[in-house]
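Asker: This is start25.cif (mmCIF, C-alpha atoms).
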data_start
loop_
_atom_site.label_atom_id
_atom_site.label_comp_id
_atom_site.auth_asym_id
_atom_site.auth_seq_id
_atom_site.Cartn_x
_atom_site.Cartn_y
_atom_site.Cartn_z
CA MET A 142 -39.42 63.84 -104.66
CA ILE A 143 -41.22 63.32 -107.92
CA ALA A 144 -42.72 66.66 -108.86
CA ASP A 145 -45.49 65.25 -111.04
CA ASN A 146 -48.21 62.99 -109.79
CA PHE A 147 -49.53 59.88 -111.50
CA ILE A 148 -52.27 57.35 -111.02
CA TYR A 149 -51.34 54.04 -109.38
CA CYS A 150 -53.21 50.77 -109.35
CA LYS A 151 -52.27 47.23 -108.41
CA PRO A 152 -54.48 44.62 -110.09
CA GLU A 153 -54.57 41.03 -108.87
CA THR A 154 -55.24 39.38 -112.21
CA LYS A 155 -53.90 39.73 -115.73
CA LYS A 156 -57.38 40.50 -116.96
CA ASP A 157 -57.75 43.37 -114.48
CA ALA A 158 -54.34 44.70 -115.48
CA VAL A 159 -55.45 44.98 -119.08
CA LYS A 160 -58.82 46.42 -118.06
CA ALA A 161 -56.98 49.04 -116.03
CA TYR A 162 -54.74 49.77 -119.01
CA GLU A 163 -57.67 50.25 -121.35
CA LYS A 164 -59.50 52.47 -118.89
CA LEU A 165 -56.45 54.59 -118.09
CA LYS A 166 -55.38 54.84 -121.71
CA LYS A 167 -58.68 56.54 -122.56
CA GLU A 168 -57.90 59.32 -120.10
CA SER A 169 -54.12 59.46 -120.18
CA ASN A 170 -51.29 59.32 -122.60
CA LYS A 171 -48.47 57.51 -120.86
CA VAL A 172 -49.62 54.38 -119.07
CA PHE A 173 -46.81 52.09 -117.97
CA TYR A 174 -46.82 48.63 -116.48
CA TYR A 175 -44.77 48.79 -113.30
CA GLY A 176 -42.44 46.11 -111.96
CA GLY A 177 -39.59 47.08 -109.64
CA GLY A 178 -40.03 50.74 -110.53
CA SER A 179 -36.38 51.75 -110.43
CA GLU A 180 -36.28 53.02 -113.99
CA ILE A 181 -39.72 54.64 -113.92
CA ILE A 182 -38.99 56.46 -110.64
CA THR A 183 -35.56 57.59 -111.80
CA MET A 184 -36.93 58.96 -115.06
CA ALA A 185 -39.93 60.56 -113.37
CA ARG A 186 -37.76 62.30 -110.81
CA ALA A 187 -35.59 63.69 -113.57
CA GLY A 188 -38.74 64.94 -115.28
CA SER A 189 -38.21 62.85 -118.37
CA ASN A 190 -40.75 60.26 -119.40
CA VAL A 191 -43.09 60.92 -116.48
CA PRO A 192 -46.01 58.47 -116.57
CA ASP A 193 -49.61 59.59 -116.28
CA ALA A 194 -50.46 56.25 -114.71
CA VAL A 195 -48.69 53.08 -113.62
CA ILE A 196 -50.11 49.57 -113.27
CA ASP A 197 -48.17 47.56 -110.72
CA ILE A 198 -48.06 43.93 -111.86
CA LYS A 199 -46.49 42.59 -108.68
CA GLY A 200 -49.92 41.68 -107.32
CA ILE A 201 -50.61 39.20 -110.14
CA PRO A 202 -49.78 35.65 -108.98
CA GLU A 203 -48.62 34.41 -112.42
CA CYS A 204 -46.11 37.25 -112.54
CA ASN A 205 -44.45 36.04 -109.35
CA VAL A 206 -43.96 32.39 -110.29
CA LEU A 207 -40.46 30.92 -110.24
CA GLU A 208 -40.63 27.15 -110.67
CA LEU A 209 -39.69 24.15 -112.74
CA LYS A 210 -42.72 22.44 -114.19
CA ASN A 211 -42.54 19.53 -116.64
CA ASP A 212 -38.91 20.29 -117.37
CA VAL A 213 -39.66 23.91 -118.20
CA LEU A 214 -38.50 26.77 -116.02
CA ILE A 215 -41.22 29.37 -115.59
CA ILE A 216 -40.16 32.83 -114.47
CA GLY A 217 -42.79 35.45 -113.73
CA GLY A 218 -42.24 38.87 -115.24
CA ALA A 219 -42.25 40.45 -111.77
CA VAL A 220 -39.63 38.13 -110.28
CA SER A 221 -36.61 40.04 -109.05
CA LEU A 222 -33.10 39.49 -110.37
CA ASN A 223 -32.00 38.58 -106.86
CA ASP A 224 -34.66 35.90 -106.52
CA ILE A 225 -33.61 34.38 -109.84
CA ASN A 226 -29.98 34.32 -108.77
CA GLU A 227 -30.74 32.90 -105.33
CA SER A 228 -32.94 30.16 -106.78
CA LYS A 229 -29.98 28.78 -108.80
CA LEU A 230 -32.53 27.47 -111.29
CA PHE A 231 -30.95 29.27 -114.22
CA PRO A 232 -27.30 30.01 -113.42
CA LEU A 233 -26.60 32.05 -116.55
CA LEU A 234 -29.57 34.36 -116.04
CA GLY A 235 -28.73 34.56 -112.33
CA THR A 236 -25.15 35.53 -113.16
CA ALA A 237 -26.21 38.14 -115.70
CA GLY A 238 -28.74 39.62 -113.27
CA ALA A 239 -26.17 39.71 -110.49
CA ARG A 240 -24.09 42.13 -112.58
CA ILE A 241 -26.92 44.59 -113.19
CA ALA A 242 -26.81 47.53 -110.78
CA ASP A 243 -26.05 46.52 -107.18
CA HIS A 244 -27.40 43.85 -104.87
CA THR A 245 -29.99 46.04 -103.15
CA ASN A 246 -31.33 47.18 -106.50
CA GLN A 247 -31.33 43.58 -107.74
CA CYS A 248 -33.83 42.88 -104.97
CA ARG A 249 -36.19 45.27 -106.76
CA ILE A 250 -35.38 45.12 -110.47
CA THR A 251 -37.61 42.59 -112.18
CA VAL A 252 -36.72 40.48 -115.18
CA GLY A 253 -39.74 41.79 -117.10
CA GLY A 254 -38.79 45.37 -116.28
CA ASN A 255 -35.24 44.82 -117.45
CA ILE A 256 -36.37 43.38 -120.77
CA CYS A 257 -38.95 46.08 -121.41
CA GLY A 258 -37.14 49.11 -119.97
CA THR A 259 -35.77 52.00 -121.95
CA ILE A 260 -32.18 51.68 -120.73
CA ILE A 261 -30.45 50.24 -123.74
CA TYR A 262 -28.35 47.48 -122.19
CA ARG A 263 -31.13 45.07 -121.06
CA GLU A 264 -28.58 42.47 -120.04
CA THR A 265 -31.08 39.80 -118.99
CA VAL A 266 -32.02 39.49 -122.64
CA LEU A 267 -28.68 37.88 -123.53
CA PRO A 268 -29.16 34.61 -121.60
CA LEU A 269 -32.76 34.42 -122.78
CA LEU A 270 -31.82 34.83 -126.44
CA LEU A 271 -29.14 32.15 -126.13
CA THR A 272 -31.41 29.61 -124.48
CA ASP A 273 -34.35 29.86 -126.87
CA ALA A 274 -36.57 31.35 -124.18
CA LYS A 275 -40.22 31.96 -124.89
CA VAL A 276 -42.18 34.88 -123.54
CA SER A 277 -45.82 34.76 -122.55
CA ILE A 278 -47.54 38.02 -123.26
CA TYR A 279 -50.94 39.19 -122.16
CA GLY A 280 -52.78 42.09 -123.70
CA PRO A 281 -56.14 43.41 -124.83
CA GLY A 282 -58.07 40.57 -126.40
CA ARG A 283 -55.25 38.08 -126.62
CA ARG A 284 -52.61 36.05 -124.93
CA ARG A 285 -49.62 34.73 -126.85
CA THR A 286 -46.45 32.79 -126.21
CA LEU A 287 -43.63 33.07 -128.69
CA PRO A 288 -39.85 32.78 -128.89
CA LEU A 289 -38.06 35.85 -127.62
CA ASN A 290 -35.85 35.67 -130.71
CA GLU A 291 -38.94 36.41 -132.81
CA ILE A 292 -40.19 39.37 -130.83
CA PHE A 293 -36.95 40.98 -129.72
CA HIS A 294 -35.33 43.06 -132.43
CA GLU A 295 -33.37 45.91 -130.91
CA ARG A 296 -36.09 46.01 -128.26
CA ILE A 297 -39.13 43.98 -127.32
CA LYS A 298 -41.95 44.54 -129.77
CA LEU A 299 -45.11 44.56 -127.72
CA ASP A 300 -48.44 45.81 -128.92
CA GLN A 301 -50.27 48.51 -127.04
CA GLY A 302 -51.45 47.32 -123.64
CA GLU A 303 -49.41 44.13 -123.64
CA PHE A 304 -47.07 43.02 -120.89
CA ILE A 305 -44.79 40.03 -120.31
CA TYR A 306 -46.26 37.91 -117.57
CA GLN A 307 -43.96 34.91 -117.85
CA ILE A 308 -40.77 33.65 -119.44
CA LYS A 309 -40.32 29.97 -120.21
CA VAL A 310 -37.05 28.15 -120.74
CA LYS A 311 -36.47 24.43 -121.21
CA LYS A 312 -34.60 22.98 -118.24
CA GLU A 313 -32.03 21.47 -120.61
CA MET A 314 -31.19 24.97 -121.89
CA THR A 315 -30.79 26.41 -118.39
CA GLU A 316 -28.05 23.85 -117.78
CA THR A 317 -25.85 24.62 -120.79
CA PRO A 318 -22.24 25.53 -119.99
CA PHE A 319 -21.75 29.29 -120.20
CA ILE A 320 -19.38 32.17 -119.85
CA HIS A 321 -20.57 35.64 -118.91
CA VAL A 322 -18.08 38.50 -119.10
CA LYS A 323 -19.01 42.08 -118.34
CA LYS A 324 -16.45 44.83 -118.72
CA THR A 325 -17.16 48.32 -117.45
CA ALA A 326 -15.19 51.49 -118.10
CA ASN A 327 -14.54 52.38 -114.48
CA GLU A 328 -16.47 51.03 -111.50
CA LYS A 329 -17.51 47.40 -111.20
CA ILE A 330 -21.13 48.49 -110.77
CA ASP A 331 -21.88 50.37 -113.93
CA TYR A 332 -23.43 50.03 -117.33
CA PRO A 333 -21.44 47.72 -119.58
CA LEU A 334 -18.76 48.81 -121.91
CA VAL A 335 -19.15 45.35 -123.37
CA THR A 336 -20.97 42.30 -122.05
CA VAL A 337 -20.40 39.00 -123.82
CA CYS A 338 -22.50 35.99 -123.04
CA VAL A 339 -21.55 32.60 -124.49
CA THR A 340 -23.20 29.21 -124.20
CA GLN A 341 -22.15 25.87 -125.57
CA TYR A 342 -25.00 23.81 -126.93
CA LYS A 343 -24.72 20.66 -129.02
CA GLY A 344 -21.05 21.34 -129.70
CA ARG A 345 -21.59 24.88 -130.94
CA LEU A 346 -21.01 28.20 -129.31
CA ARG A 347 -23.75 30.77 -129.18
CA MET A 348 -22.98 34.41 -128.52
CA ALA A 349 -24.94 37.45 -127.44
CA PHE A 350 -23.74 40.95 -126.68
CA SER A 351 -24.71 44.11 -124.84
CA GLY A 352 -22.99 47.47 -124.73
CA ILE A 353 -21.20 47.04 -128.04
CA CYS A 354 -24.13 48.41 -130.05
CA SER A 355 -27.13 50.51 -129.05
CA TYR A 356 -29.16 47.39 -128.26
CA PRO A 357 -28.47 43.84 -127.07
CA PHE A 358 -28.37 41.14 -129.71
CA ARG A 359 -27.51 37.56 -130.48
CA SER A 360 -25.56 37.21 -133.70
CA THR A 361 -25.88 34.01 -135.71
CA ASP A 362 -23.48 35.55 -138.26
CA ILE A 363 -20.80 35.86 -135.61
CA GLU A 364 -21.62 32.34 -134.40
CA GLU A 365 -21.09 30.98 -137.92
CA VAL A 366 -17.59 32.42 -138.00
CA ILE A 367 -16.75 31.45 -134.44
CA ASN A 368 -17.85 27.85 -135.01
CA ASN A 369 -16.09 27.44 -138.34
CA PRO A 370 -13.12 25.09 -137.73
CA GLU A 371 -11.46 26.19 -140.95
CA ILE A 372 -10.95 29.76 -139.78
CA SER A 373 -8.06 30.53 -137.42
CA VAL A 374 -8.69 32.37 -134.15
CA GLY A 375 -6.87 35.42 -135.50
CA ASP A 376 -9.02 35.53 -138.62
CA LYS A 377 -12.18 35.02 -136.59
CA LEU A 378 -11.31 38.03 -134.47
CA ASN A 379 -10.64 40.09 -137.58
CA LEU A 380 -13.94 39.09 -139.13
CA ILE A 381 -16.38 39.52 -136.28
CA HIS A 382 -16.44 43.29 -135.98
CA ASN A 383 -17.66 43.49 -139.58
CA LEU A 384 -20.60 41.32 -138.59
CA LEU A 385 -22.06 43.62 -135.96
CA PRO A 386 -25.65 44.61 -136.73
CA GLU A 387 -24.74 48.30 -136.57
CA PRO A 388 -21.61 50.40 -135.99
CA PRO A 389 -20.31 50.10 -132.45
CA LEU A 390 -21.57 52.54 -129.86
CA THR A 391 -19.51 55.59 -129.01
CA ASP A 392 -20.41 57.44 -125.82
CA TYR A 393 -18.92 58.71 -122.57
CA GLU A 394 -18.13 55.15 -121.48
CA GLY A 395 -15.89 54.46 -124.46
CA SER A 396 -15.39 54.89 -128.16
CA GLY A 397 -16.60 52.38 -130.71
CA LYS A 398 -12.99 51.41 -131.46
CA TYR A 399 -12.29 50.77 -127.81
CA ARG A 400 -15.43 48.68 -127.45
CA ILE A 401 -14.34 46.55 -130.42
CA PHE A 402 -10.91 46.13 -128.85
CA VAL A 403 -12.45 44.98 -125.56
CA MET A 404 -14.91 42.67 -127.30
CA LYS A 405 -12.17 41.00 -129.35
CA ASN A 406 -10.06 40.59 -126.25
CA ILE A 407 -12.89 38.85 -124.39
CA ILE A 408 -13.66 36.56 -127.32
CA GLU A 409 -10.01 35.72 -127.86
CA LYS A 410 -9.69 34.50 -124.28
CA ILE A 411 -12.85 32.44 -124.57
CA LEU A 412 -11.72 30.88 -127.85
CA GLU A 413 -8.27 30.06 -126.50
CA ARG A 414 -9.89 28.10 -123.71
CA TYR A 415 -12.37 26.51 -126.09
CA HIS A 416 -9.73 25.41 -128.57
CA ASN A 417 -7.54 23.95 -125.85
CA ASN A 418 -10.29 21.96 -124.12
CA ALA A 419 -13.17 21.80 -126.60
CA LYS A 420 -15.13 23.23 -123.67
CA ILE A 421 -15.80 26.77 -122.54
CA LEU A 422 -15.76 25.88 -118.86
CA MET B 625 -62.65 45.64 -107.23
CA LEU B 626 -59.76 47.43 -108.84
CA LYS B 627 -58.72 50.49 -106.88
CA PHE B 628 -57.14 53.51 -108.53
CA TYR B 629 -55.09 55.85 -106.40
CA ASP B 630 -55.02 59.19 -108.13
CA ASN B 631 -54.50 61.92 -105.59
CA LEU B 632 -53.89 62.50 -101.92
CA THR B 633 -54.94 59.34 -100.13
CA VAL B 634 -54.66 58.15 -96.56
CA ILE B 635 -52.92 54.78 -96.39
CA ASN B 636 -51.63 52.62 -93.56
CA LEU B 637 -48.04 51.48 -93.58
CA ASP B 638 -46.53 48.86 -91.30
CA VAL B 639 -43.42 50.67 -90.11
CA ASN B 640 -41.22 49.19 -87.40
CA GLY B 641 -44.05 46.94 -86.24
CA GLU B 642 -46.68 49.69 -85.96
CA LEU B 643 -49.43 50.61 -88.38
CA ARG B 644 -48.95 54.27 -89.26
CA SER B 645 -51.35 56.43 -91.24
CA VAL B 646 -49.88 58.69 -93.86
CA THR B 647 -51.35 60.89 -96.55
CA VAL B 648 -49.62 60.35 -99.86
CA ARG B 649 -49.79 61.04 -103.54
CA PRO B 650 -49.18 57.90 -105.61
CA SER B 651 -45.91 59.35 -106.84
CA ASP B 652 -44.52 60.02 -103.34
CA ILE B 653 -41.39 58.02 -102.66
CA LEU B 654 -41.04 56.08 -99.44
CA LEU B 655 -37.98 58.04 -98.32
CA ASP B 656 -39.87 61.35 -98.26
CA VAL B 657 -42.88 59.85 -96.51
CA LEU B 658 -40.76 58.26 -93.79
CA ARG B 659 -38.84 61.44 -93.16
CA GLU B 660 -41.43 64.14 -93.64
CA GLN B 661 -44.61 62.51 -92.41
CA LEU B 662 -43.38 60.04 -89.84
CA GLY B 663 -40.34 61.93 -88.62
CA LEU B 664 -38.16 58.88 -89.22
CA THR B 665 -35.10 60.71 -90.43
CA GLY B 666 -32.67 57.80 -90.06
CA ALA B 667 -32.97 56.96 -93.74
CA LYS B 668 -30.97 59.73 -95.38
CA PRO B 669 -31.40 61.42 -98.73
CA GLY B 670 -28.18 61.03 -100.68
CA CYS B 671 -28.05 60.68 -104.44
CA LYS B 672 -31.81 60.03 -104.62
CA ASN B 673 -30.98 57.97 -107.68
CA GLY B 674 -30.52 54.50 -106.21
CA ASP B 675 -26.74 54.67 -106.26
CA CYS B 676 -25.51 55.53 -102.77
CA GLY B 677 -27.67 53.38 -100.50
CA THR B 678 -27.88 55.85 -97.63
CA CYS B 679 -31.70 55.72 -97.78
CA THR B 680 -31.78 51.92 -97.41
CA VAL B 681 -34.60 50.39 -95.36
CA LEU B 682 -35.85 46.82 -95.20
CA LEU B 683 -39.01 45.70 -96.93
CA ASP B 684 -40.13 42.30 -95.71
CA GLY B 685 -36.60 41.72 -94.47
CA MET B 686 -34.78 42.58 -97.68
CA PRO B 687 -32.96 45.84 -98.36
CA VAL B 688 -34.52 48.40 -100.67
CA LYS B 689 -33.52 51.90 -101.55
CA SER B 690 -36.38 54.00 -100.26
CA CYS B 691 -35.64 56.68 -102.86
CA LEU B 692 -36.56 54.15 -105.57
CA THR B 693 -39.68 52.82 -103.88
CA LEU B 694 -43.13 54.35 -103.99
CA ALA B 695 -44.71 54.63 -100.57
CA ILE B 696 -47.98 53.38 -101.98
CA GLU B 697 -46.52 50.10 -103.20
CA THR B 698 -45.39 49.21 -99.66
CA ILE B 699 -48.97 48.83 -98.42
CA GLY B 700 -49.24 45.38 -96.83
CA HIS B 701 -45.48 44.96 -96.47
CA LYS B 702 -43.32 45.25 -93.37
CA ILE B 703 -41.00 48.24 -93.39
CA LEU B 704 -38.05 48.35 -91.02
CA THR B 705 -36.03 51.53 -90.62
CA ILE B 706 -32.95 52.19 -88.53
CA GLU B 707 -35.25 53.53 -85.79
CA GLY B 708 -36.81 50.08 -85.50
CA LEU B 709 -33.55 48.21 -85.24
CA GLY B 710 -32.96 46.87 -81.74
CA GLY B 711 -35.34 48.30 -79.18
CA MET B 712 -35.72 51.01 -76.59
CA GLY B 713 -32.28 51.42 -75.08
CA SER B 714 -30.90 48.26 -76.69
CA HIS B 715 -28.94 47.67 -79.85
CA THR B 716 -28.43 44.81 -82.21
CA GLN B 717 -25.04 43.17 -82.33
CA ILE B 718 -24.29 44.79 -85.66
CA GLN B 719 -24.89 48.24 -84.18
CA GLU B 720 -22.57 47.42 -81.30
CA ALA B 721 -20.01 46.01 -83.71
CA PHE B 722 -20.06 49.27 -85.70
CA VAL B 723 -19.10 51.10 -82.50
CA GLU B 724 -16.49 48.53 -81.54
CA TYR B 725 -14.84 48.58 -84.97
CA ASN B 726 -15.23 52.33 -85.55
CA ALA B 727 -17.14 51.52 -88.68
CA PHE B 728 -18.03 55.13 -89.46
CA GLN B 729 -16.58 58.59 -89.52
CA CYS B 730 -19.11 61.25 -90.46
CA GLY B 731 -21.98 58.80 -89.99
CA TYR B 732 -24.17 59.91 -92.89
CA CYS B 733 -24.08 56.52 -94.60
CA THR B 734 -24.26 54.54 -91.35
CA SER B 735 -27.99 53.93 -91.12
CA GLY B 736 -28.08 52.62 -94.69
CA PHE B 737 -25.09 50.38 -94.12
CA LEU B 738 -26.54 49.08 -90.86
CA MET B 739 -29.78 48.09 -92.58
CA VAL B 740 -27.92 46.22 -95.32
CA CYS B 741 -25.68 44.51 -92.78
CA HIS B 742 -28.66 43.55 -90.62
CA ALA B 743 -30.43 42.02 -93.62
CA LEU B 744 -27.26 40.22 -94.70
CA ILE B 745 -26.73 38.65 -91.28
CA ASN B 746 -30.37 37.56 -91.06
CA ASN B 747 -30.64 36.23 -94.60
CA LYS B 748 -27.14 34.87 -95.08
CA PRO B 749 -25.78 33.72 -91.74
CA GLU B 750 -23.22 31.61 -93.60
CA ALA B 751 -22.16 34.48 -95.88
CA ASP B 752 -18.68 34.14 -97.30
CA GLU B 753 -16.35 36.92 -98.42
CA TYR B 754 -17.98 37.07 -101.83
CA GLU B 755 -21.49 37.43 -100.39
CA ILE B 756 -20.40 40.08 -97.89
CA GLU B 757 -18.74 42.10 -100.62
CA LYS B 758 -21.74 41.71 -102.92
CA TRP B 759 -24.19 43.02 -100.32
CA LEU B 760 -21.96 45.85 -99.12
CA GLU B 761 -21.29 47.05 -102.67
CA SER B 762 -24.80 48.51 -102.67
CA ASN B 763 -23.75 51.35 -100.38
CA ILE B 764 -21.20 54.12 -100.58
CA CYS B 765 -19.17 55.57 -97.71
CA ARG B 766 -17.31 58.71 -98.75
CA CYS B 767 -15.21 58.56 -95.57
CA THR B 768 -14.10 55.14 -96.87
CA SER B 769 -14.78 53.12 -93.73
CA TYR B 770 -15.28 50.05 -95.86
CA GLN B 771 -12.75 47.83 -94.15
CA GLU B 772 -14.07 48.67 -90.68
CA ILE B 773 -17.66 48.02 -91.79
CA ARG B 774 -16.61 44.70 -93.23
CA SER B 775 -14.80 43.75 -90.03
CA ALA B 776 -17.91 44.64 -88.02
CA VAL B 777 -20.07 42.37 -90.19
CA GLU B 778 -17.58 39.52 -90.06
CA SER B 779 -17.35 39.74 -86.28
CA VAL B 780 -21.12 39.35 -85.95
CA LEU B 781 -21.29 36.53 -88.48
CA LYS B 782 -18.69 34.64 -86.44
CA ASN B 783 -20.95 34.95 -83.41
CA GLN B 784 -23.94 33.34 -85.14
CA PRO B 785 -26.44 32.03 -84.19
CA LYS B 786 -26.60 34.39 -81.23
CA TYR B 787 -27.45 37.36 -83.42
CA VAL B 788 -30.20 39.54 -82.03
#
Would you write out, as structure tokens, the structure that this file holds?

Answerer:
Amino acid sequence: MIADNFIYCKPETKKDAVKAYEKLKKESNKVFYYGGGSEIITMARAGSNVPDAVIDIKGIPECNVLELKNDVLIIGGAVSLNDINESKLFPLLGTAGARIADHTNQCRITVGGNICGTIIYRETVLPLLLTDAKVSIYGPGRRRTLPLNEIFHERIKLDQGEFIYQIKVKKEMTETPFIHVKKTANEKIDYPLVTVCVTQYKGRLRMAFSGICSYPFRSTDIEEVINNPEISVGDKLNLIHNLLPEPPLTDYEGSGKYRIFVMKNIIEKILERYHNNAKIL
Amino acid sequence: MLKFYDNLTVINLDVNGELRSVTVRPSDILLDVLREQLGLTGAKPGCKNGDCGTCTVLLDGMPVKSCLTLAIETIGHKILTIEGLGGMGSHTQIQEAFVEYNAFQCGYCTSGFLMVCHALINNKPEADEYEIEKWLESNICRCTSYQEIRSAVESVLKNQPKYV
């Protein structure tokens, strides 16, 4: 049971969603867009971050799109992780989503919710950062589409009243060879100790991480080192932990030192394979 | 016309093939509404945090954890609970297989597992070991009947397409 009550509405258009937001925001403080609801319900039940109102975006047709159009994959913000995985349209995103929570929850968790949620791991962001995904955002008075890399720094930077209604990825990018490794401290279904996501595009490796720091990130600094043929694998491994955007996370799942150890171990195995075959797969 | 639900409201839910009227607050979770208003106590409260799966019901044929679903967002969708599985005096093959393979001990998790298994068999009749494991990982059985549950599912999948 959720002790507190909140207002609920389910608009059928983007415009109505924003209208609802503006109306509710005048009367209430915390107005959240609502996708699968797992995080909002969990937080509300615990009495932390209880919304005053939620706007369910699952009734908006554009938010439920999952299709290839003119060689661009369009994924609605309210599409579930399970639907993305089952579609096989974007294997890397499908694989990443299939390691978030469990299968039943993946039928509810939406890609937009995972990107915008408050849980720090946001593992669907990794494939999207590596494949130059663009996000289409709708909000009061404007609609904009821009690269996720430009708007995601530690977390998605949305203006008040905005929500992600679609994600767009070039088909070519959805087909890049990839490796996705998620290590957890104990159970298979858990938050990541370290998740490493690697793609190979135009002969270069791209890398993004979750769990190692307090937010997911793609590191071009690490990529520079990893792709430098003049640096040995051993030296690469010694260099990369100095290139993290912040000190590694220490919490109940593992210390920062342990996370670094696990991260290096994952990367070492990937690089061994890469150096032997010039391929990551 | 945009409708705002802000307090106690009467809504109709399609539960086990019948339209049922319930009075809910927007923040009421489906699990509580099923149990307390409709007397459908087959979906069990466990962790109430989306981890254990004992509250699993089907929404439009796919499993959901009713503790992580608002009752109000299920308007217009088909809800199937353990009470709606099979029919009066009859059981589905997966229910019979659970008995045959002793796929439970205390039984608290059984209704949740049965709903996941039912959805798996219907949605993935060709499910391989990986798929079976992936779907069953959503639920926890503290009596550890996992192998028996898995055997029950596999036995029904082998009997496809006769599943009813």

Asker: Quick check on the file I pasted: which residues fall under the PyMOL selection byres ((chain B) within 10 of (chain A))? Write them as a PyMOL selection string.

Answerer: chain B and resi 625-632+649-657+672-675+677+680+682-683+686-689+691-694+696-697+740+755+757-763

Asker: What does the distance from CA of Ile198 in chain A to CA of Leu744 in chain B come to in Å, to one decimal?

Answerer: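 Value for the CA of Ile198 in chain A-CA of Leu744 in chain B distance: 27.2 Å.
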
Asker: Could you pull the residues within 7 Å of range 202-207 of chain A, counting only C-alpha atoms, minus those fewer than 6 positions along the same chain, as a count of residues only?

Answerer: 8

Asker: Can you translate the PyMOL selection byres ((chain A and resi 236) around 12) into the concrete residues it hits in this file, as an NGL selection string?

Answerer: :A and (222-235 or 237-241 or 244 or 247 or 264-265 or 267-268 or 315 or 319-323 or 336 or 338)

Asker: Residue by residue, what does the PyMOL selection byres ((chain B and resi 635) around 8) grab here? Present the result as a PyMOL selection string.

Answerer: chain B and resi 633-634+636-637+645-648+696+699

Asker: For Arg296 in chain A, work out the shell of residues within 10 Å, counting only C-alpha atoms and skipping chain neighbours fewer than 6 positions away, then give it as a list in words.

Answerer: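 Non-adjacent residues within range: Ile256, Cys257, Gly258, Thr259, Ile261, Tyr262, Arg263, Val266, Tyr356, Pro357 and Phe358 of chain A.
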
Asker: Keeping only C-alpha atoms, write the selected residues to a file as a tab-separated table (two decimals), keeping the file's coordinate frame.

Answerer:
chain	number	residue	atom	x	y	z
A	256	ILE	CA	-36.37	43.38	-120.77
A	257	CYS	CA	-38.95	46.08	-121.41
A	258	GLY	CA	-37.14	49.11	-119.97
A	259	THR	CA	-35.77	52.00	-121.95
A	261	ILE	CA	-30.45	50.24	-123.74
A	262	TYR	CA	-28.35	47.48	-122.19
A	263	ARG	CA	-31.13	45.07	-121.06
A	266	VAL	CA	-32.02	39.49	-122.64
A	356	TYR	CA	-29.16	47.39	-128.26
A	357	PRO	CA	-28.47	43.84	-127.07
A	358	PHE	CA	-28.37	41.14	-129.71
